[in-house]
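Engineer: Structure: model_1.cif, mmCIF, C-alpha atoms.
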data_my_file
#
loop_
_atom_site.label_atom_id
_atom_site.label_comp_id
_atom_site.auth_asym_id
_atom_site.auth_seq_id
_atom_site.Cartn_x
_atom_site.Cartn_y
_atom_site.Cartn_z
CA MET A 1 0.00 0.00 0.00
CA ILE A 2 2.83 2.37 0.89
CA THR A 3 4.60 1.71 -2.43
CA LEU A 4 1.36 2.47 -4.29
CA GLN A 5 0.95 5.64 -2.26
CA TYR A 6 4.50 6.67 -3.19
CA VAL A 7 3.83 6.04 -6.89
CA ILE A 8 0.58 8.04 -6.75
CA THR A 9 2.40 10.91 -5.00
CA LEU A 10 5.08 10.95 -7.73
CA ALA A 11 2.41 10.88 -10.44
CA TYR A 12 0.60 13.70 -8.68
CA TYR A 13 3.71 15.87 -8.63
CA ALA A 14 4.34 15.07 -12.31
CA LEU A 15 0.76 16.07 -13.14
CA THR A 16 1.09 19.25 -11.12
CA ALA A 17 4.30 20.18 -12.93
CA GLY A 18 2.62 19.35 -16.26
CA ALA A 19 -0.38 21.55 -15.46
CA ALA A 20 1.99 24.35 -14.41
CA ALA A 21 3.84 24.05 -17.75
CA LEU A 22 0.52 24.26 -19.65
CA LEU A 23 -0.47 27.36 -17.68
CA VAL A 24 2.87 29.00 -18.50
CA TYR A 25 2.36 28.08 -22.19
CA ASN A 26 -1.15 29.62 -22.11
CA PHE A 27 0.24 32.71 -20.42
CA VAL A 28 2.81 33.16 -23.20
CA LYS A 29 0.15 32.68 -25.89
CA ALA A 30 -2.48 34.92 -24.27
CA ARG A 31 -3.39 38.15 -26.03
CA SER A 32 -5.12 40.11 -23.26
CA TRP A 33 -3.82 41.13 -19.84
CA GLU A 34 -6.97 39.74 -18.17
CA ARG A 35 -6.13 36.28 -19.52
CA GLU A 36 -2.50 36.62 -18.49
CA VAL A 37 -3.43 37.56 -14.92
CA LEU A 38 -5.91 34.70 -14.77
CA TYR A 39 -3.32 32.10 -15.88
CA LEU A 40 -0.75 33.34 -13.39
CA ILE A 41 -3.18 33.43 -10.45
CA VAL A 42 -4.12 29.83 -11.23
CA LEU A 43 -0.43 28.95 -11.61
CA VAL A 44 0.65 30.06 -8.10
CA PRO A 45 -0.80 27.14 -6.06
CA PHE A 46 0.58 24.65 -8.60
CA LEU A 47 4.07 26.09 -8.18
CA LEU A 48 3.76 26.17 -4.38
CA ARG A 49 3.03 22.45 -4.46
CA VAL A 50 5.75 21.62 -6.99
CA PHE A 51 8.29 23.49 -4.86
CA HIS A 52 7.07 21.60 -1.78
CA LEU A 53 6.04 24.81 -0.01
CA LYS A 54 2.32 24.20 0.51
CA MET B 1 4.73 39.33 -30.16
CA THR B 2 5.06 43.10 -30.12
CA ARG B 3 7.34 44.99 -27.79
CA ARG B 4 4.25 46.28 -25.98
CA ASP B 5 2.95 42.72 -25.46
CA LEU B 6 6.31 41.63 -24.10
CA THR B 7 6.48 44.56 -21.67
CA ARG B 8 2.97 43.80 -20.41
CA LYS B 9 3.75 40.10 -19.97
CA LEU B 10 6.94 40.88 -18.09
CA LEU B 11 5.04 43.23 -15.77
CA VAL B 12 2.28 40.71 -15.07
CA ALA B 13 4.82 37.91 -14.61
CA GLY B 14 6.82 40.11 -12.24
CA LEU B 15 3.74 40.66 -10.10
CA ALA B 16 3.02 36.93 -10.05
CA VAL B 17 6.60 36.12 -9.05
CA ALA B 18 6.38 38.69 -6.23
CA PHE B 19 3.13 37.13 -5.03
CA LEU B 20 4.61 33.63 -5.27
CA ALA B 21 7.76 34.68 -3.40
CA ALA B 22 5.79 36.37 -0.61
CA SER B 23 3.39 33.47 -0.07
CA GLY B 24 6.13 30.88 -0.55
CA LYS B 25 8.36 32.60 2.03
CA SER B 26 5.48 32.72 4.50
CA PHE B 27 4.83 28.98 4.11
CA TYR B 28 8.56 28.14 4.18
CA ASP B 29 9.14 30.22 7.32
CA HIS B 30 6.23 28.55 9.07
CA ARG B 31 7.40 25.05 8.15
CA HIS B 32 10.98 25.74 9.21
CA LEU B 33 10.51 27.95 12.29
CA ARG B 34 12.91 26.70 14.97
CA GLU B 35 11.44 26.83 18.45
CA PRO B 36 14.12 26.90 21.17
CA VAL B 37 13.71 24.72 24.25
CA VAL B 38 15.93 25.43 27.24
CA LEU B 39 16.74 22.11 28.88
CA GLY B 40 15.84 22.39 32.54
CA PRO B 41 17.97 20.95 35.33
CA GLY B 42 15.96 17.73 35.28
CA VAL B 43 16.74 16.80 31.67
CA THR B 44 19.48 14.16 31.59
CA ARG B 45 19.22 13.08 27.93
CA VAL B 46 17.61 14.14 24.67
CA THR B 47 17.04 11.59 21.95
CA THR B 48 14.75 11.43 18.94
CA LEU B 49 11.81 9.28 18.00
CA SER B 50 13.79 7.43 15.32
CA GLU B 51 15.61 5.62 18.15
CA TYR B 52 12.37 3.65 18.50
CA ASN B 53 11.57 3.33 14.79
CA PRO B 54 14.55 4.02 12.47
CA THR B 55 12.24 4.56 9.46
CA LEU B 56 11.43 7.99 10.92
CA ARG B 57 15.02 9.20 10.57
CA GLY B 58 15.16 12.22 8.28
CA THR B 59 11.38 12.71 8.29
CA ALA B 60 9.39 15.63 9.71
CA ASN B 61 8.24 13.40 12.56
CA ASP B 62 11.64 12.51 14.01
CA ALA B 63 10.65 14.50 17.10
CA ASN B 64 12.80 15.22 20.14
CA ILE B 65 12.29 13.02 23.19
CA TYR B 66 13.34 14.55 26.50
CA ILE B 67 14.29 12.24 29.37
CA LEU B 68 14.29 13.48 32.96
CA GLU B 69 15.76 11.05 35.49
CA GLY B 70 15.80 11.08 39.26
CA ARG B 71 18.70 10.05 41.46
CA GLU B 72 16.67 7.19 42.87
CA PRO B 73 15.10 4.49 40.69
CA GLY B 74 11.36 4.24 40.37
CA GLY B 75 8.66 4.15 37.75
CA THR B 76 8.37 5.94 34.39
CA VAL B 77 5.72 8.35 33.17
CA PHE B 78 5.55 9.43 29.54
CA VAL B 79 3.87 12.77 28.73
CA PHE B 80 3.27 13.98 25.18
CA GLY B 81 1.88 17.20 23.77
CA GLY B 82 1.30 18.15 20.16
CA THR B 83 -0.63 15.04 19.16
CA HIS B 84 -2.95 17.63 17.65
CA ALA B 85 -0.75 20.60 16.84
CA GLU B 86 -3.68 23.05 16.75
CA GLU B 87 -4.08 22.55 20.52
CA PRO B 88 -1.23 24.65 21.93
CA ALA B 89 -1.91 24.15 25.65
CA GLY B 90 -0.72 20.55 25.39
CA ARG B 91 2.56 21.54 23.76
CA LEU B 92 3.13 24.43 26.17
CA ALA B 93 2.41 22.32 29.24
CA ALA B 94 4.95 19.74 28.05
CA TRP B 95 7.36 22.63 27.36
CA LEU B 96 7.14 23.77 30.98
CA LEU B 97 7.81 20.23 32.20
CA VAL B 98 11.05 20.08 30.19
CA GLU B 99 12.18 23.57 31.21
CA HIS B 100 11.33 23.25 34.94
CA ALA B 101 10.65 19.77 36.32
CA THR B 102 13.27 17.98 38.38
CA LEU B 103 12.97 14.33 39.32
CA GLU B 104 13.79 12.85 42.69
CA ARG B 105 12.61 9.32 41.93
CA GLY B 106 11.86 7.55 38.68
CA ARG B 107 11.75 9.03 35.20
CA LEU B 108 9.65 11.47 33.24
CA ILE B 109 9.84 11.19 29.44
CA VAL B 110 8.38 14.07 27.45
CA ALA B 111 7.60 14.79 23.78
CA LEU B 112 6.57 18.33 22.84
CA SER B 113 5.66 17.74 19.20
CA ALA B 114 4.17 14.26 18.98
CA ASN B 115 3.06 14.93 15.41
CA ARG B 116 5.76 17.37 14.40
CA SER B 117 4.64 17.33 10.77
CA ALA B 118 1.20 18.62 11.83
CA SER B 119 2.89 21.58 13.50
CA THR B 120 4.28 22.73 10.13
CA VAL B 121 0.92 23.43 8.49
CA THR B 122 -2.37 25.07 9.42
CA ARG B 123 -5.90 24.00 8.57
CA PRO B 124 -6.51 24.62 4.83
CA SER B 125 -8.99 27.46 4.25
CA ALA B 126 -9.46 28.05 7.98
CA ALA B 127 -7.37 31.26 8.07
CA TYR B 128 -5.44 30.09 11.13
CA PRO B 129 -2.49 32.25 12.22
CA ALA B 130 0.81 30.63 11.22
CA THR B 131 2.37 31.44 14.60
CA TYR B 132 1.55 32.81 18.02
CA THR B 133 3.78 34.62 20.48
CA ILE B 134 3.71 34.21 24.25
CA PRO B 135 4.83 37.48 25.86
CA THR B 136 7.71 37.15 28.32
CA ALA B 137 9.80 39.54 30.41
CA TRP B 138 12.62 39.02 27.89
CA GLY B 139 10.51 39.81 24.81
CA GLY B 140 8.40 36.82 23.87
CA GLN B 141 8.66 33.38 22.36
CA THR B 142 7.07 32.49 19.04
CA PHE B 143 5.62 29.06 18.39
CA ARG B 144 4.26 27.36 15.29
CA MET B 145 0.49 27.06 15.16
CA GLY B 146 -0.36 23.73 13.62
CA ASP B 147 -3.16 21.55 12.38
CA ARG B 148 -4.94 18.44 13.63
CA PHE B 149 -3.52 16.37 10.78
CA THR B 150 -0.11 15.39 9.39
CA ASN B 151 1.04 17.86 6.73
CA PRO B 152 -0.07 16.62 3.26
CA LEU B 153 3.45 17.50 2.07
CA ASP B 154 4.67 14.65 4.29
CA GLN B 155 1.87 12.13 3.77
CA TRP B 156 -0.37 11.98 0.74
CA PRO B 157 -2.75 10.88 -0.78
CA ASP B 158 -5.60 10.14 1.61
CA PRO B 159 -7.68 7.02 0.94
CA GLU B 160 -11.45 7.09 0.33
CA VAL B 161 -11.90 5.45 3.74
CA PHE B 162 -9.27 5.04 6.43
CA ILE B 163 -9.19 1.43 7.61
CA HIS B 164 -7.56 1.41 11.03
CA TYR B 165 -4.77 -1.09 11.67
CA PRO B 166 -5.06 -3.62 13.29
CA SER B 167 -8.78 -3.38 14.21
CA GLY B 168 -10.10 -2.96 10.66
CA GLN B 169 -12.45 -0.24 11.92
CA TYR B 170 -13.59 2.24 9.25
CA LEU B 171 -12.79 5.89 9.94
CA ALA B 172 -13.06 9.15 8.01
CA TYR B 173 -10.55 9.41 5.16
CA VAL B 174 -8.73 12.40 6.69
CA ASP B 175 -8.09 10.50 9.94
CA VAL B 176 -5.39 8.57 8.08
CA ARG B 177 -3.29 11.65 8.99
CA ASN B 178 -4.67 12.00 12.54
CA LEU B 179 -2.13 10.78 15.11
CA ASN B 180 -4.89 10.16 17.62
CA ARG B 181 -6.67 7.76 15.27
CA ALA B 182 -3.59 5.86 14.09
CA PHE B 183 -2.40 4.14 17.29
CA PRO B 184 -0.87 1.56 17.77
CA GLY B 185 0.56 1.98 14.28
CA ARG B 186 2.91 -0.30 12.33
CA PRO B 187 6.60 -0.12 11.48
CA ASP B 188 6.09 0.02 7.72
CA GLY B 189 2.84 1.98 7.47
CA SER B 190 2.13 5.59 6.61
CA LEU B 191 4.20 8.33 8.26
CA THR B 192 1.46 8.79 10.87
CA GLU B 193 1.33 5.04 11.60
CA ARG B 194 5.12 4.80 11.79
CA THR B 195 5.07 7.67 14.28
CA THR B 196 2.49 6.03 16.51
CA TYR B 197 4.41 2.75 16.26
CA ALA B 198 7.54 4.58 17.45
CA PHE B 199 5.64 5.95 20.44
CA MET B 200 4.35 2.46 21.24
CA GLU B 201 7.91 1.12 21.06
CA LEU B 202 9.10 3.93 23.34
CA ILE B 203 6.38 3.10 25.86
CA ARG B 204 7.15 -0.64 25.70
CA ARG B 205 10.96 -0.42 25.72
CA GLU B 206 11.17 2.27 28.39
CA LYS B 207 8.62 0.32 30.45
CA ALA B 208 6.41 3.37 30.95
CA ASP B 209 3.88 2.88 33.71
CA VAL B 210 1.63 5.75 32.65
CA ALA B 211 1.24 7.55 29.30
CA ILE B 212 -0.43 10.96 29.30
CA ASP B 213 -1.66 12.57 26.08
CA LEU B 214 -2.39 16.34 26.38
CA HIS B 215 -5.23 17.82 24.31
CA GLU B 216 -7.64 20.71 23.95
CA ALA B 217 -11.20 20.59 22.64
CA GLU B 218 -13.86 22.91 21.29
CA LEU B 219 -16.59 23.68 23.81
CA GLN B 220 -19.19 22.14 21.52
CA TYR B 221 -17.46 18.78 21.91
CA PRO B 222 -18.81 16.68 24.80
CA VAL B 223 -15.42 15.27 25.85
CA ILE B 224 -13.99 18.34 27.57
CA ASN B 225 -12.55 19.35 30.96
CA THR B 226 -11.99 15.71 31.63
CA ILE B 227 -9.57 12.81 31.94
CA VAL B 228 -10.27 10.00 29.50
CA THR B 229 -8.83 6.78 30.86
CA HIS B 230 -8.27 3.22 29.75
CA GLN B 231 -10.01 0.75 32.05
CA LYS B 232 -6.61 -0.04 33.63
CA GLY B 233 -6.50 3.52 34.96
CA GLN B 234 -10.03 4.02 36.27
CA GLU B 235 -9.08 4.11 39.92
CA LEU B 236 -6.05 6.31 39.25
CA ALA B 237 -7.98 8.80 37.06
CA THR B 238 -10.88 9.02 39.49
CA MET B 239 -8.55 9.82 42.37
CA ILE B 240 -6.66 12.41 40.26
CA SER B 241 -9.96 14.03 39.26
CA MET B 242 -11.26 14.17 42.83
CA THR B 243 -8.00 15.57 44.20
CA LEU B 244 -7.62 18.23 41.50
CA THR B 245 -11.21 19.39 41.89
CA ASP B 246 -10.78 19.54 45.67
CA LEU B 247 -7.34 21.15 45.88
CA GLU B 248 -6.53 23.06 42.69
CA GLY B 249 -9.63 25.16 42.18
CA PHE B 250 -10.81 23.76 38.85
CA ASN B 251 -13.27 21.05 37.93
CA ILE B 252 -12.15 18.06 35.92
CA GLY B 253 -14.18 14.92 35.29
CA THR B 254 -13.37 11.35 34.37
CA GLU B 255 -14.56 9.36 31.38
CA PHE B 256 -13.79 5.83 30.39
CA SER B 257 -12.33 4.98 27.01
CA PRO B 258 -14.92 3.13 24.88
CA LEU B 259 -13.81 -0.48 24.32
CA ASN B 260 -14.58 -0.50 20.59
CA LEU B 261 -13.40 2.97 19.55
CA HIS B 262 -10.01 2.30 18.01
CA GLY B 263 -6.98 4.35 17.12
CA LEU B 264 -7.06 6.70 20.11
CA THR B 265 -4.24 6.87 22.63
CA HIS B 266 -6.45 6.18 25.65
CA ARG B 267 -7.60 2.91 24.04
CA GLU B 268 -4.61 1.58 22.11
CA ILE B 269 -1.72 2.41 24.46
CA GLY B 270 -3.55 0.61 27.25
CA ASP B 271 -4.43 -2.34 25.01
CA HIS B 272 -1.00 -2.76 23.39
CA SER B 273 1.41 -2.02 26.23
CA GLN B 274 1.86 -2.34 29.95
CA ALA B 275 1.11 1.38 30.47
CA VAL B 276 -2.00 2.97 31.90
CA SER B 277 -3.16 5.46 29.27
CA LEU B 278 -4.76 8.79 30.15
CA LEU B 279 -5.85 11.69 27.93
CA PHE B 280 -6.46 15.16 29.36
CA GLU B 281 -8.82 17.61 27.64
CA ALA B 282 -8.82 21.37 28.27
CA PRO B 283 -11.18 23.88 26.59
CA GLU B 284 -10.07 25.85 23.51
CA PRO B 285 -12.78 28.25 22.19
CA PHE B 286 -10.60 29.00 19.15
CA LEU B 287 -11.58 25.57 17.79
CA ASP B 288 -15.34 26.13 18.04
CA ALA B 289 -17.11 26.31 14.69
CA THR B 290 -19.18 29.26 15.92
CA ARG B 291 -16.11 31.40 16.66
CA GLY B 292 -15.75 34.78 15.02
CA ARG B 293 -12.31 36.17 14.32
CA THR B 294 -9.67 33.44 13.98
CA ASP B 295 -6.39 34.97 15.04
CA ALA B 296 -3.59 34.52 17.56
CA GLY B 297 -5.35 36.87 19.99
CA VAL B 298 -8.40 34.60 20.23
CA LEU B 299 -6.14 31.54 20.36
CA LEU B 300 -4.38 32.88 23.46
CA SER B 301 -7.19 34.79 25.20
CA GLY B 302 -9.84 32.13 24.61
CA GLN B 303 -12.34 34.98 24.36
CA ASP B 304 -14.98 34.97 21.64
CA GLU B 305 -18.37 36.68 21.78
CA PHE B 306 -20.01 34.17 19.43
CA VAL B 307 -18.91 31.18 21.50
CA VAL B 308 -20.26 32.98 24.58
CA LYS B 309 -23.55 33.45 22.71
CA ALA B 310 -23.61 29.73 21.88
CA GLY B 311 -23.11 29.05 25.60
CA LYS B 312 -26.08 31.24 26.52
CA LYS B 313 -28.20 29.16 24.14
CA GLY B 314 -27.11 25.95 25.90
CA LEU B 315 -25.09 24.62 22.97
CA LEU B 316 -21.82 24.03 24.84
CA PHE B 317 -20.47 21.29 27.08
CA ALA B 318 -18.22 23.64 29.09
CA PRO B 319 -18.95 26.99 30.70
CA ILE B 320 -17.67 30.22 29.17
CA ASP B 321 -18.15 33.91 29.92
CA ASP B 322 -16.58 37.16 28.73
CA LYS B 323 -13.31 36.23 30.44
CA GLY B 324 -12.96 33.29 28.06
CA TRP B 325 -10.42 30.51 28.58
CA PRO B 326 -6.97 32.18 28.57
CA ILE B 327 -3.99 30.05 27.63
CA ALA B 328 -2.57 30.25 31.18
CA LEU B 329 -5.65 28.50 32.60
CA ARG B 330 -5.53 25.83 29.92
CA VAL B 331 -1.82 25.16 30.37
CA GLY B 332 -2.20 25.27 34.16
CA ARG B 333 -4.93 22.64 34.06
CA HIS B 334 -2.55 20.34 32.20
CA THR B 335 0.55 20.94 34.33
CA SER B 336 -1.39 20.48 37.56
CA SER B 337 -3.07 17.37 36.17
CA VAL B 338 0.32 15.87 35.25
CA ALA B 339 1.77 16.77 38.66
CA GLN B 340 -1.23 15.25 40.42
CA THR B 341 -0.94 12.11 38.28
CA LEU B 342 2.64 11.64 39.48
CA ASP B 343 1.58 12.16 43.11
CA THR B 344 -1.40 9.81 42.91
CA TRP B 345 0.53 7.16 40.94
CA THR B 346 3.27 7.25 43.58
CA GLU B 347 0.71 7.01 46.37
CA PHE B 348 -0.76 3.87 44.75
CA ASN B 349 2.54 2.33 43.60
CA ALA B 350 5.33 3.04 46.07
CA ASP B 351 7.65 0.53 44.35
CA ARG B 352 7.28 2.38 41.01
CA ALA B 353 7.25 5.90 42.42
CA VAL B 354 7.79 8.95 40.22
CA VAL B 355 8.51 12.00 42.36
CA ALA B 356 8.95 15.35 40.64
CA ARG B 357 9.48 18.89 41.88
CA ASN B 358 9.18 22.39 40.41
CA ILE B 359 6.31 21.69 38.03
CA PRO B 360 4.45 25.02 37.68
CA ARG B 361 0.92 24.53 39.00
CA TYR B 362 -2.43 25.93 37.93
CA ALA B 363 -2.56 28.76 40.50
CA GLU B 364 0.96 29.91 39.59
CA LEU B 365 0.15 29.98 35.89
CA VAL B 366 -3.08 31.88 36.46
CA LYS B 367 -1.21 34.39 38.61
CA HIS B 368 1.92 34.88 36.49
CA GLY B 369 0.98 33.73 32.97
CA VAL B 370 2.71 31.19 30.71
CA GLY B 371 5.45 33.61 29.63
CA HIS B 372 6.72 33.90 33.20
CA PHE B 373 7.78 30.25 33.03
CA LEU B 374 9.40 30.24 29.57
CA ARG B 375 13.18 30.44 29.84
CA ASP B 376 15.23 32.89 27.77
CA PRO B 377 17.18 30.80 25.22
CA ARG B 378 19.78 33.58 24.85
CA LEU B 379 20.92 32.95 28.43
CA ALA B 380 21.22 29.18 28.08
CA PRO B 381 24.50 27.46 27.17
CA GLN B 382 24.42 25.83 23.73
CA ASP B 383 24.59 22.33 25.19
CA ARG B 384 21.39 23.04 27.17
CA LEU B 385 19.39 24.12 24.14
CA ALA B 386 17.25 22.00 21.85
CA TYR B 387 15.02 23.01 18.95
CA GLU B 388 11.57 21.80 18.04
#
Could you quickly redo this structure as structure tokens?
Structural biologist:
Amino acid sequence: MITLQYVITLAYYALTAGAAALLVYNFVKARSWEREVLYLIVLVPFLLRVFHLK
Amino acid sequence: MTRRDLTRKLLVAGLAVAFLAASGKSFYDHRHLREPVVLGPGVTRVTTLSEYNPTLRGTANDANIYILEGREPGGTVFVFGGTHAEEPAGRLAAWLLVEHATLERGRLIVALSANRSASTVTRPSAAYPATYTIPTAWGGQTFRMGDRFTNPLDQWPDPEVFIHYPSGQYLAYVDVRNLNRAFPGRPDGSLTERTTYAFMELIRREKADVAIDLHEAELQYPVINTIVTHQKGQELATMISMTLTDLEGFNIGTEFSPLNLHGLTHREIGDHSQAVSLLFEAPEPFLDATRGRTDAGVLLSGQDEFVVKAGKKGLLFAPIDDKGWPIALRVGRHTSSVAQTLDTWTEFNADRAVVARNIPRYAELVKHGVGHFLRDPRLAPQDRLAYE
């Protein structure tokens, strides 16, 4: 069970990093400042988790 | 991309980085705040929990274990605070034991941060303060405010249902990270289970006669202002309760641990070791769902107008008025209860006596406050300092 939990945790961090990369990509491609702010606000909790801060 | 677009993106990104840095620093500082403990004259050795389960080495839960030994042999009492890190009176009471108690007979073993991981995070979305400061004559000491549960950074994911080991009892999913639902634990389980297993090993190997778990509870919870005892400790707890109520000026009841409610210290320590297990509950209005402002002031003063209003409507299991339940009263209840436990245990078991001196009592804490009893770490020699 613990091994499975470890694998799920790793997959979760990989997914979080992937979602963060997509948000950064969307930020770069965005044309309006409202969209850019939106993508970055959504990005912050993903980065906090990836960096093991929260 | 035009130059104007690039400038705008850089500005927006700069703001986001600033926001990320500020919030990230706040979380990092909370998780890594070092709390100094001045080792009192009674402390003869400090070890860590991984001595009793090596799999904890290097984890957030490799907590300090403080051992206070008397000159004469006797029994052993184990006291632990911080099982639920959002209940500061338990931690602070244990703190005062380490900084002040001296042993004449037997041993006192103390843990201040039983679930250290839980002390590095606060309840998500509950707007808890990250820290609180106890004022002292030398400035004040800051402590981490914590949560009831192990930090998800240290143990994740949660299952759909938590199946308690070894009973097989079904519990709420989040209780998989609740130290007081994960006893007696297992050596190769989750971080929380490995921690409880280490405590069980400590209790068994050190031949503890009594284990005392220090808690606080919301006033809307029926188990409050009481000693919860395993059936092995009914006579002991009843005598402690009667003596405290008679001599110390506060009321404390006795309740018996339900036989089929598993995972809690008062059940599992008694069932899986030689020790008598007791759990003390003091009132903490900060935890009540009806509270208003949720800040360090309310945490320490125990004053909240909405909890008082709930009391007037008969919704509480403990009394409260405008004076609230200040931290000094809550800590004093615990220190006096521990001191009385040692006295009563010794009275009943002369061959396993545990005789301690200089434990600050309830009346002293009410008179002087908690800060009066916290020692200034700047005045302590380095070899008499530890960090939580």
Engineer: Using all atoms listed in the file, what table do you get, as JSON lines, when you list each residue of chain A with an atom no more than 8 Å from chain B, its nearest pair of atoms, and their distance in Å rounded to one decimal, rows by chain then rising number?
Structural biologist:
{"residue": "A:Ile2", "atom": "CA", "partner": "B:Gly189", "partner_atom": "CA", "distance": 6.6}
{"residue": "A:Gln5", "atom": "CA", "partner": "B:Pro157", "partner_atom": "CA", "distance": 6.6}
{"residue": "A:Ile8", "atom": "CA", "partner": "B:Pro157", "partner_atom": "CA", "distance": 7.4}
{"residue": "A:Thr9", "atom": "CA", "partner": "B:Trp156", "partner_atom": "CA", "distance": 6.5}
{"residue": "A:Val28", "atom": "CA", "partner": "B:Lys9", "partner_atom": "CA", "distance": 7.7}
{"residue": "A:Arg31", "atom": "CA", "partner": "B:Asp5", "partner_atom": "CA", "distance": 7.8}
{"residue": "A:Trp33", "atom": "CA", "partner": "B:Arg8", "partner_atom": "CA", "distance": 7.3}
{"residue": "A:Glu36", "atom": "CA", "partner": "B:Val12", "partner_atom": "CA", "distance": 7.2}
{"residue": "A:Val37", "atom": "CA", "partner": "B:Val12", "partner_atom": "CA", "distance": 6.5}
{"residue": "A:Leu40", "atom": "CA", "partner": "B:Ala16", "partner_atom": "CA", "distance": 6.2}
{"residue": "A:Ile41", "atom": "CA", "partner": "B:Ala16", "partner_atom": "CA", "distance": 7.1}
{"residue": "A:Val44", "atom": "CA", "partner": "B:Leu20", "partner_atom": "CA", "distance": 6.0}
{"residue": "A:Leu48", "atom": "CA", "partner": "B:Gly24", "partner_atom": "CA", "distance": 6.5}
{"residue": "A:His52", "atom": "CA", "partner": "B:Leu153", "partner_atom": "CA", "distance": 6.7}
{"residue": "A:Leu53", "atom": "CA", "partner": "B:Tyr28", "partner_atom": "CA", "distance": 5.9}
{"residue": "A:Lys54", "atom": "CA", "partner": "B:Phe27", "partner_atom": "CA", "distance": 6.5}
Engineer: Is it possible to get the residues within 10 Å of (5.9, 4.4, 15.6) (coordinates as in the file, counting only C-alpha atoms) written as JSON, numbers by chain?
Structural biologist: {"B": [49, 50, 52, 53, 54, 55, 56, 61, 182, 183, 184, 185, 186, 187, 188, 189, 190, 191, 192, 193, 194, 195, 196, 197, 198, 199, 200, 201, 202]}
Engineer: Apply the PyMOL selection byres ((chain A and resi 23) around 8) to the displayed file and report the matching residues as a list of chain:residue names.
Structural biologist: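 For this structure, the PyMOL selection byres ((chain A and resi 23) around 8) captures A:Ala19, A:Ala20, A:Ala21, A:Leu22, A:Val24, A:Tyr25, A:Asn26, A:Phe27, A:Tyr39, A:Leu40, A:Val42, A:Leu43.
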Engineer: Please compute the CA of Ala93 (chain B)-CA of Phe143 (chain B) distance, one decimal, in Å.
Structural biologist: 13.2 Å
Engineer: Give me the residues within 7 Å of region 253-269 of chain B as a VMD selection string, counting all atoms listed in the file and dropping any in the same chain fewer than 3 places off.
Structural biologist: chain B and resid 164 167 180 to 184 200 225 to 231 237 to 238 241 272 to 273 275 277 to 279
Engineer: Just the selected residues (C-alpha atoms), exported as a compact mmCIF listing (two decimals), in the coordinates of the input, please.
Structural biologist:
# COMPACT_ATOMS: atom_id res chain seq x y z
CA HIS B 164 -7.56 1.41 11.03
CA SER B 167 -8.78 -3.38 14.21
CA ASN B 180 -4.89 10.16 17.62
CA ARG B 181 -6.67 7.76 15.27
CA ALA B 182 -3.59 5.86 14.09
CA PHE B 183 -2.40 4.14 17.29
CA PRO B 184 -0.87 1.56 17.77
CA MET B 200 4.35 2.46 21.24
CA ASN B 225 -12.55 19.35 30.96
CA THR B 226 -11.99 15.71 31.63
CA ILE B 227 -9.57 12.81 31.94
CA VAL B 228 -10.27 10.00 29.50
CA THR B 229 -8.83 6.78 30.86
CA HIS B 230 -8.27 3.22 29.75
CA GLN B 231 -10.01 0.75 32.05
CA ALA B 237 -7.98 8.80 37.06
CA THR B 238 -10.88 9.02 39.49
CA SER B 241 -9.96 14.03 39.26
CA HIS B 272 -1.00 -2.76 23.39
CA SER B 273 1.41 -2.02 26.23
CA ALA B 275 1.11 1.38 30.47
CA SER B 277 -3.16 5.46 29.27
CA LEU B 278 -4.76 8.79 30.15
CA LEU B 279 -5.85 11.69 27.93
Engineer: Starting from the shown file, work through the PyMOL selection byres ((chain B and resi 219-223) around 6) and note down what comes out as a list in words.
Structural biologist: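 On this input, the PyMOL selection byres ((chain B and resi 219-223) around 6) captures Glu218, Ile224, Leu316, Phe317 and Ala318 of chain B.
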Engineer: Looking at all atoms listed in the file, which of B:Ala363, B:Ala356, B:Gly249, B:Ala126 is the one that sits closest to Val98 (chain B)?
Structural biologist: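 That would be B:Ala356, the residue with the smallest distance to Val98 (chain B).
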Engineer: Please enclose the listed atoms of region 11-18 of chain A in an axis-aligned box, pad each side by 3 Å, and write out the centre and the three edge lengths in Å, rounded to one decimal, as JSON.
Structural biologist:
{"center_x": 2.5, "center_y": 15.5, "center_z": -12.4, "size_x": 9.7, "size_y": 15.3, "size_z": 13.6}
Engineer: Applied to this file, what does the PyMOL selection byres ((chain B and resi 359) around 8) return in terms of residues, put as a ChimeraX atom specification?
Structural biologist: /B:96-97,100-102,335-336,339,356-358,360-361
